[in-house]
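Novice: For reference, this is final_11.txt, and it has compact mmCIF, C-alpha atoms.
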```txt
# COMPACT_ATOMS: atom_id res chain seq x y z
CA MET I 1 29.23 2.79 -9.45
CA ILE I 2 30.87 3.04 -6.01
CA ASP I 3 34.56 3.83 -6.35
CA ARG I 4 35.66 4.07 -2.71
CA ASP I 5 38.48 1.82 -1.57
CA ILE I 6 37.13 -1.24 0.24
CA GLN I 7 39.57 -3.62 1.91
CA ILE I 8 39.18 -7.20 3.07
CA MET I 9 41.06 -8.14 6.24
CA GLY I 10 41.54 -11.88 6.67
CA ILE I 11 41.73 -13.32 10.20
CA VAL I 12 44.54 -15.59 11.40
CA ASN I 13 44.36 -16.60 15.06
CA ILE I 14 47.44 -18.18 16.64
CA THR I 15 45.26 -19.61 19.37
CA ASP I 16 43.40 -22.76 20.28
CA ASP I 17 40.31 -21.08 21.72
CA SER I 18 39.04 -18.47 19.25
CA TYR I 19 35.27 -18.76 18.79
CA PHE I 20 35.48 -19.93 15.15
CA SER I 21 37.51 -23.09 14.81
CA GLY I 22 38.41 -22.42 11.18
CA SER I 23 40.58 -19.45 12.10
CA ARG I 24 42.74 -21.28 14.68
CA CYS I 25 46.38 -21.93 13.83
CA THR I 26 48.34 -23.58 16.61
CA ASP I 27 51.75 -23.63 14.92
CA VAL I 28 53.80 -21.60 12.46
CA GLN I 29 53.19 -23.86 9.49
CA ALA I 30 49.43 -23.76 9.95
CA ALA I 31 49.52 -19.97 10.17
CA LEU I 32 51.59 -19.68 6.98
CA LEU I 33 49.27 -22.02 5.10
CA ARG I 34 46.23 -20.03 6.19
CA ILE I 35 47.87 -16.74 5.21
CA GLU I 36 48.71 -18.15 1.79
CA GLU I 37 45.13 -19.35 1.38
CA LEU I 38 43.62 -15.99 2.40
CA LEU I 39 45.94 -14.06 0.10
CA GLY I 40 45.03 -16.38 -2.76
CA GLU I 41 41.36 -15.61 -2.11
CA GLY I 42 41.99 -11.87 -2.34
CA ALA I 43 42.74 -10.56 1.15
CA ASP I 44 44.19 -7.05 1.25
CA ILE I 45 45.29 -7.25 4.90
CA ILE I 46 46.13 -10.20 7.14
CA ASP I 47 45.14 -9.70 10.78
CA ILE I 48 47.22 -11.86 13.11
CA GLY I 49 46.23 -12.33 16.73
CA ALA I 50 47.80 -14.46 19.44
CA CYS I 51 45.21 -14.01 22.19
CA SER I 52 41.51 -14.69 21.89
CA THR I 53 39.44 -11.61 22.72
CA ARG I 54 36.04 -13.26 22.50
CA PRO I 55 33.75 -12.34 25.42
CA GLY I 56 34.56 -14.62 28.34
CA SER I 57 38.10 -15.39 27.21
CA VAL I 58 41.00 -15.07 29.62
CA PRO I 59 43.96 -12.91 28.49
CA VAL I 60 47.25 -14.78 28.21
CA GLY I 61 49.47 -11.78 28.95
CA ALA I 62 52.01 -9.90 26.86
CA ASP I 63 54.81 -12.45 27.30
CA GLU I 64 52.77 -15.45 26.15
CA GLU I 65 51.23 -13.44 23.34
CA TRP I 66 54.70 -12.56 22.08
CA ARG I 67 55.94 -16.13 22.47
CA ARG I 68 53.22 -17.20 20.06
CA LEU I 69 53.64 -14.26 17.67
CA GLU I 70 57.40 -14.03 17.31
CA PRO I 71 58.09 -17.18 15.24
CA VAL I 72 55.09 -16.47 13.00
CA LEU I 73 56.19 -12.90 12.30
CA LYS I 74 59.74 -14.00 11.51
CA SER I 75 58.42 -16.54 9.02
CA VAL I 76 55.94 -14.05 7.56
CA LYS I 77 58.72 -11.54 7.01
CA GLU I 78 60.73 -14.16 5.11
CA ARG I 79 57.93 -15.70 3.05
CA PHE I 80 55.62 -12.71 2.50
CA PRO I 81 57.89 -9.64 2.59
CA ASP I 82 55.30 -7.32 1.01
CA LEU I 83 52.35 -8.48 3.12
CA VAL I 84 50.17 -5.80 4.72
CA VAL I 85 49.99 -7.05 8.31
CA SER I 86 47.64 -6.08 11.08
CA ILE I 87 48.41 -7.32 14.60
CA ASP I 88 45.53 -7.76 17.01
CA THR I 89 47.01 -6.69 20.35
CA TYR I 90 46.48 -4.20 23.16
CA TRP I 91 50.08 -4.40 24.46
CA ALA I 92 52.56 -1.66 23.57
CA SER I 93 55.45 -4.04 24.25
CA VAL I 94 54.14 -6.43 21.58
CA VAL I 95 53.91 -3.53 19.12
CA GLU I 96 57.53 -2.53 19.83
CA LYS I 97 58.85 -6.07 19.36
CA ALA I 98 56.79 -6.70 16.23
CA TYR I 99 57.98 -3.46 14.66
CA ALA I 100 61.58 -4.52 15.23
CA ILE I 101 60.93 -7.65 13.14
CA ILE I 102 58.55 -6.64 10.36
CA GLY I 103 58.68 -2.84 10.30
CA PRO I 104 55.47 -0.81 9.80
CA PHE I 105 52.17 -2.61 10.30
CA ILE I 106 48.62 -1.86 11.42
CA VAL I 107 47.88 -2.04 15.15
CA ASN I 108 44.42 -3.50 15.80
CA ASP I 109 43.64 -2.64 19.43
CA ILE I 110 40.31 -3.73 20.92
CA SER I 111 40.87 -1.32 23.83
CA ALA I 112 41.55 1.86 21.81
CA GLY I 113 44.57 2.43 24.02
CA GLU I 114 42.70 2.10 27.31
CA ASP I 115 44.25 -1.19 28.49
CA ASP I 116 47.88 -0.11 28.14
CA PRO I 117 48.75 3.57 28.75
CA GLN I 118 51.87 3.17 26.60
CA MET I 119 49.97 2.04 23.50
CA LEU I 120 49.02 5.39 21.98
CA PRO I 121 52.41 7.02 22.64
CA THR I 122 54.11 3.99 21.06
CA VAL I 123 51.89 3.98 17.96
CA GLY I 124 52.39 7.71 17.51
CA ARG I 125 56.16 7.51 17.91
CA LEU I 126 56.43 4.66 15.40
CA GLY I 127 54.04 6.33 12.94
CA LEU I 128 51.77 3.29 12.62
CA GLN I 129 48.24 3.00 11.32
CA TYR I 130 45.84 2.22 14.16
CA ILE I 131 42.45 0.60 14.58
CA ALA I 132 40.57 1.76 17.68
CA MET I 133 37.64 -0.33 18.89
CA HIS I 134 34.76 0.62 21.17
CA LYS I 135 34.00 -1.69 24.09
CA ARG I 136 33.22 -1.65 27.79
CA GLY I 137 35.14 -3.79 30.22
CA THR I 138 37.66 -6.50 29.37
CA PRO I 139 37.07 -9.70 27.36
CA GLU I 140 36.77 -11.84 30.48
CA ASN I 141 34.44 -9.31 32.16
CA MET I 142 32.42 -7.49 29.54
CA GLN I 143 30.17 -4.82 31.03
CA LEU I 144 26.93 -5.37 29.15
CA HIS I 145 24.82 -2.23 29.11
CA THR I 146 21.18 -2.35 28.09
CA ASP I 147 20.49 1.23 29.14
CA TYR I 148 22.09 3.18 26.30
CA ALA I 149 19.82 6.13 25.51
CA ASP I 150 21.46 6.15 22.08
CA VAL I 151 24.07 3.42 21.56
CA VAL I 152 25.17 4.84 18.24
CA GLY I 153 25.40 8.34 19.67
CA GLU I 154 27.60 7.09 22.50
CA ILE I 155 29.93 5.41 20.02
CA VAL I 156 30.11 8.56 17.89
CA GLU I 157 31.02 10.58 20.98
CA TYR I 158 33.55 7.94 22.02
CA PHE I 159 35.40 8.29 18.73
CA ASP I 160 35.17 12.07 18.86
CA ARG I 161 37.03 11.87 22.17
CA PHE I 162 39.45 9.33 20.72
CA ALA I 163 40.23 11.68 17.83
CA GLU I 164 41.53 14.19 20.36
CA LYS I 165 43.72 11.52 21.99
CA ALA I 166 45.04 10.40 18.63
CA GLU I 167 45.96 13.94 17.67
CA ALA I 168 47.67 14.50 21.02
CA HIS I 169 49.86 11.43 20.43
CA GLY I 170 50.63 12.15 16.78
CA ILE I 171 48.45 9.36 15.36
CA THR I 172 47.29 10.63 11.99
CA ASP I 173 45.98 7.47 10.32
CA TRP I 174 43.36 5.63 12.34
CA VAL I 175 40.20 3.59 11.79
CA ALA I 176 37.07 3.33 13.94
CA ASP I 177 35.73 -0.11 14.85
CA PRO I 178 32.35 0.08 16.66
CA GLY I 179 33.04 -3.24 18.36
CA PHE I 180 30.24 -5.55 17.29
CA GLY I 181 29.67 -8.19 19.95
CA PHE I 182 31.65 -6.39 22.63
CA ALA I 183 29.39 -5.46 25.58
CA LYS I 184 26.37 -4.91 23.35
CA THR I 185 23.07 -6.74 23.15
CA ILE I 186 22.02 -8.39 19.91
CA GLU I 187 19.53 -5.56 19.32
CA GLN I 188 22.21 -2.91 19.93
CA ASN I 189 24.53 -4.57 17.41
CA TYR I 190 21.87 -4.30 14.72
CA GLU I 191 21.09 -0.71 15.70
CA ILE I 192 24.77 0.12 15.17
CA LEU I 193 24.82 -1.65 11.80
CA ARG I 194 21.71 0.20 10.63
CA ASN I 195 23.28 3.53 11.59
CA LEU I 196 26.89 2.89 10.62
CA SER I 197 26.92 5.98 8.40
CA ARG I 198 26.79 8.18 11.52
CA LEU I 199 30.42 7.27 12.24
CA ARG I 200 32.92 9.68 10.74
CA GLY I 201 36.15 8.76 8.99
CA LYS I 202 37.24 5.28 7.97
CA VAL I 203 35.23 2.44 9.54
CA LEU I 204 36.03 -1.25 10.08
CA VAL I 205 33.23 -3.77 10.54
CA GLY I 206 33.87 -7.10 12.23
CA VAL I 207 30.68 -9.20 12.28
CA SER I 208 32.03 -12.39 10.73
CA ARG I 209 30.31 -15.46 12.25
CA LYS I 210 29.72 -13.52 15.51
CA SER I 211 27.13 -14.01 18.22
CA LEU I 212 24.76 -11.39 16.82
CA ILE I 213 24.22 -14.03 14.11
CA TYR I 214 24.62 -17.41 15.75
CA LYS I 215 22.88 -16.56 19.03
CA TYR I 216 20.03 -14.86 17.19
CA PHE I 217 19.39 -17.94 15.03
CA GLY I 218 20.38 -20.54 17.64
CA ILE I 219 23.13 -21.97 15.43
CA THR I 220 26.91 -22.35 15.69
CA PRO I 221 29.59 -20.02 14.31
CA GLU I 222 30.40 -22.76 11.78
CA GLU I 223 26.86 -22.43 10.39
CA ALA I 224 26.88 -18.62 10.21
CA LEU I 225 28.58 -17.98 6.86
CA PRO I 226 25.50 -17.20 4.70
CA ALA I 227 24.08 -14.73 7.24
CA THR I 228 27.53 -13.17 7.62
CA GLN I 229 27.50 -12.18 3.96
CA VAL I 230 24.06 -10.60 4.34
CA LEU I 231 25.46 -8.40 7.11
CA HIS I 232 28.59 -7.66 5.09
CA LEU I 233 26.42 -6.34 2.27
CA ALA I 234 24.45 -4.19 4.74
CA ALA I 235 27.71 -2.89 6.21
CA LEU I 236 28.99 -1.91 2.77
CA GLN I 237 25.72 -0.19 1.93
CA ASN I 238 26.06 1.81 5.14
CA GLY I 239 29.63 2.91 4.47
CA ALA I 240 32.05 0.28 5.82
CA ASP I 241 35.57 0.66 4.45
CA ILE I 242 37.18 -2.52 5.86
CA LEU I 243 35.56 -5.91 6.43
CA ARG I 244 37.36 -8.10 8.97
CA VAL I 245 36.46 -11.64 7.95
CA HIS I 246 37.14 -15.32 8.41
CA ASP I 247 36.05 -16.17 4.85
CA VAL I 248 37.87 -14.01 2.34
CA ALA I 249 36.64 -15.55 -0.91
CA GLU I 250 33.01 -15.06 0.06
CA ALA I 251 33.64 -11.50 1.27
CA VAL I 252 35.38 -10.63 -2.00
CA ARG I 253 32.33 -11.87 -3.92
CA THR I 254 30.05 -9.82 -1.67
CA VAL I 255 32.08 -6.68 -2.41
CA ARG I 256 31.88 -7.39 -6.15
CA LEU I 257 28.09 -7.79 -5.98
CA TYR I 258 27.82 -4.63 -3.88
CA ARG I 259 29.69 -2.67 -6.54
CA LEU I 260 27.52 -4.20 -9.26
CA LEU I 261 24.34 -3.25 -7.41
CA SER I 262 25.59 0.26 -6.68
```
As a first step, turn the structure in this file into structure tokens.

Specialist:
Amino acid sequence: MIDRDIQIMGIVNITDDSYFSGSRCTDVQAALLRIEELLGEGADIIDIGACSTRPGSVPVGADEEWRRLEPVLKSVKERFPDLVVSIDTYWASVVEKAYAIIGPFIVNDISAGEDDPQMLPTVGRLGLQYIAMHKRGTPENMQLHTDYADVVGEIVEYFDRFAEKAEAHGITDWVADPGFGFAKTIEQNYEILRNLSRLRGKVLVGVSRKSLIYKYFGITPEEALPATQVLHLAALQNGADILRVHDVAEAVRTVRLYRLLS
């Protein structure tokens, strides 16, 4: 029986353009209702984002991101005071302002500190847990590379270098996210998933309803739930510690079956 701690991170997008329509919450009440639903289904962490980072999306900027986030975080603090919150942002200023409202939380940064030079110093100073993701380019201009000699090896080396940065900035608790769907071909995404165990430390997997599923099958994200759970099971078998998901109830069942099979 596998006894490692596995966490389910439920996605709440305060946006109107995230790639899966079911995660979009365009006002505070909708966000609170979704959080309540995900917690009821068994989410361990709620990941709140106010800017779509899907490939091709246009960043809204730190000010607009905070305008969307602030009222939600104030309401979350009041209604769910013990909630484990992750905030999907690459802006240090957003981290500072969020910390002032809700206190410690998890920073989920798709740029691993590369898009804002103040991010890593800020996270280290505040003593926050951090999720560092591997990508190339920015969401609106992803640099797709088909010439990796060893895509998994490059990601392993990337996080080895990040470990040095984290240590230099006093970040002691961080998670590696290999960045499924970010500047990788469909084949590269599956190569990473097959070799997930090569990554060291705690690993987050975010494949929920993503293009490696819906583009491969020629379907929509709304139709990708069954295949998502197949990939979640594969991720768990290969050592994933956190699953970032749109559908918490189904992910919780997948984890239970994984434990039963193991």

Novice: Using all atoms listed in the file, pick whichever of I:Ala98, I:Ile155, I:Ile242, I:Val207 has the shortest atom-to-atom distance to Leu69 in chain I.

Specialist: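 With all atoms listed in the file as the atom set, the closest residue is I:Ala98.
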
Novice: Looking at I:Ala224, I:Val252, I:Ile131, I:Ile106, which one is nearest to Trp174 in chain I, with distances taken over only C-alpha atoms?

Specialist: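 Among the listed residues, I:Ile131 lies closest to Trp174 in chain I.
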
Novice: For CA of Val205 in chain I and CA of Met9 in chain I, determine how far apart the two atoms are, in Å to one decimal place.

Specialist: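 For CA of Val205 in chain I relative to CA of Met9 in chain I, the distance reads 9.9 Å.
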
Novice: Rounded to one decimal in Å, what is the spacing between CA of Arg136 in chain I and CA of Ile110 in chain I?

Specialist: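 A separation of 10.1 Å between them.
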
Novice: For the atom pair CA of Asp88 in chain I and CA of Ala43 in chain I, what is the interatomic distance in Å to one decimal place?

Specialist: 16.3 Å

Novice: Taking (48.5, 11.2, 20.8) in the coordinates of the supplied file, I want to know which residues reach to within 12 Å of it, counting only C-alpha atoms; could you give the answer as an NGL selection string?

Specialist: :I and (112-113 or 117-128 or 130 or 161-174)

Novice: Please provide as a ChimeraX atom specification all residues within 9 Å of Val85 in chain I, with the sequence filter that same-chain residues fewer than 5 positions apart are discarded (counting all atoms listed in the file).

Specialist: /I:45-48,102,104-107

Novice: So, counting all atoms listed in the file, which residue among I:Asn108, I:Leu33, I:Gly49, I:Thr254 is closest to Phe80 in chain I?

Specialist: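 Looking only at the distances to Phe80 in chain I, the closest residue turns out to be I:Leu33.
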
Novice: Draw an axis-aligned box tight on the listed atoms of range 97-115 of chain I, then pad every side by 5 Å and write out centre and edge lengths in Å to one decimal as JSON.

Specialist:
```
{"center_x": 50.9, "center_y": -2.6, "center_z": 19.1, "size_x": 31.3, "size_y": 20.1, "size_z": 28.7}
```

Novice: May I ask which of the residues I:Gly239, I:Gly201, I:Gly206, I:Gly153 is the closest one to Ile8 in chain I, counting all atoms listed in the file?

Specialist: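 Answer, going by the shortest atom-to-atom distance: I:Gly206.
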
Novice: Using all atoms listed in the file, list the residues that have an atom at most 10 Å from (27.0, 9.3, 12.8), coordinates as in the file, as a PDB file with C-alpha atoms, keeping the file's coordinate frame.

Specialist:
```pdb
ATOM      1  CA  VAL I 152      25.170   4.840  18.240  1.00  0.00           C
ATOM      2  CA  GLY I 153      25.400   8.340  19.670  1.00  0.00           C
ATOM      3  CA  GLU I 154      27.600   7.090  22.500  1.00  0.00           C
ATOM      4  CA  ILE I 155      29.930   5.410  20.020  1.00  0.00           C
ATOM      5  CA  VAL I 156      30.110   8.560  17.890  1.00  0.00           C
ATOM      6  CA  GLU I 157      31.020  10.580  20.980  1.00  0.00           C
ATOM      7  CA  ILE I 192      24.770   0.120  15.170  1.00  0.00           C
ATOM      8  CA  ASN I 195      23.280   3.530  11.590  1.00  0.00           C
ATOM      9  CA  LEU I 196      26.890   2.890  10.620  1.00  0.00           C
ATOM     10  CA  SER I 197      26.920   5.980   8.400  1.00  0.00           C
ATOM     11  CA  ARG I 198      26.790   8.180  11.520  1.00  0.00           C
ATOM     12  CA  LEU I 199      30.420   7.270  12.240  1.00  0.00           C
ATOM     13  CA  ARG I 200      32.920   9.680  10.740  1.00  0.00           C
ATOM     14  CA  GLY I 201      36.150   8.760   8.990  1.00  0.00           C
TER      15      GLY I 201
END
```

Novice: Can you tell me, as a compact mmCIF listing (two decimals) with C-alpha atoms, in the frame of the given file, what residues are no more than 12 Å from Lys97 in chain I when counting only C-alpha atoms, ignoring any on the same chain fewer than 6 positions away?

Specialist:
```txt
# COMPACT_ATOMS: atom_id res chain seq x y z
CA ALA I 62 52.01 -9.90 26.86
CA ASP I 63 54.81 -12.45 27.30
CA GLU I 65 51.23 -13.44 23.34
CA TRP I 66 54.70 -12.56 22.08
CA ARG I 67 55.94 -16.13 22.47
CA LEU I 69 53.64 -14.26 17.67
CA GLU I 70 57.40 -14.03 17.31
CA PRO I 71 58.09 -17.18 15.24
CA LEU I 73 56.19 -12.90 12.30
CA LYS I 74 59.74 -14.00 11.51
CA ILE I 87 48.41 -7.32 14.60
CA THR I 89 47.01 -6.69 20.35
CA TRP I 91 50.08 -4.40 24.46
CA GLY I 103 58.68 -2.84 10.30
CA PRO I 104 55.47 -0.81 9.80
CA PHE I 105 52.17 -2.61 10.30
CA THR I 122 54.11 3.99 21.06
CA LEU I 126 56.43 4.66 15.40
```

Novice: Which is closer to Gln29 in chain I than all the others in I:Val72, I:Val12, I:Ala234, I:Val94, using only C-alpha atoms?

Specialist: I:Val72

Novice: List the neighbours of Tyr214 in chain I out to 10 Å using all atoms listed in the file; skip same-chain residues closer than 4 positions along the sequence, and give me the result as a ChimeraX atom specification.

Specialist: /I:209-210,218-225,227-228
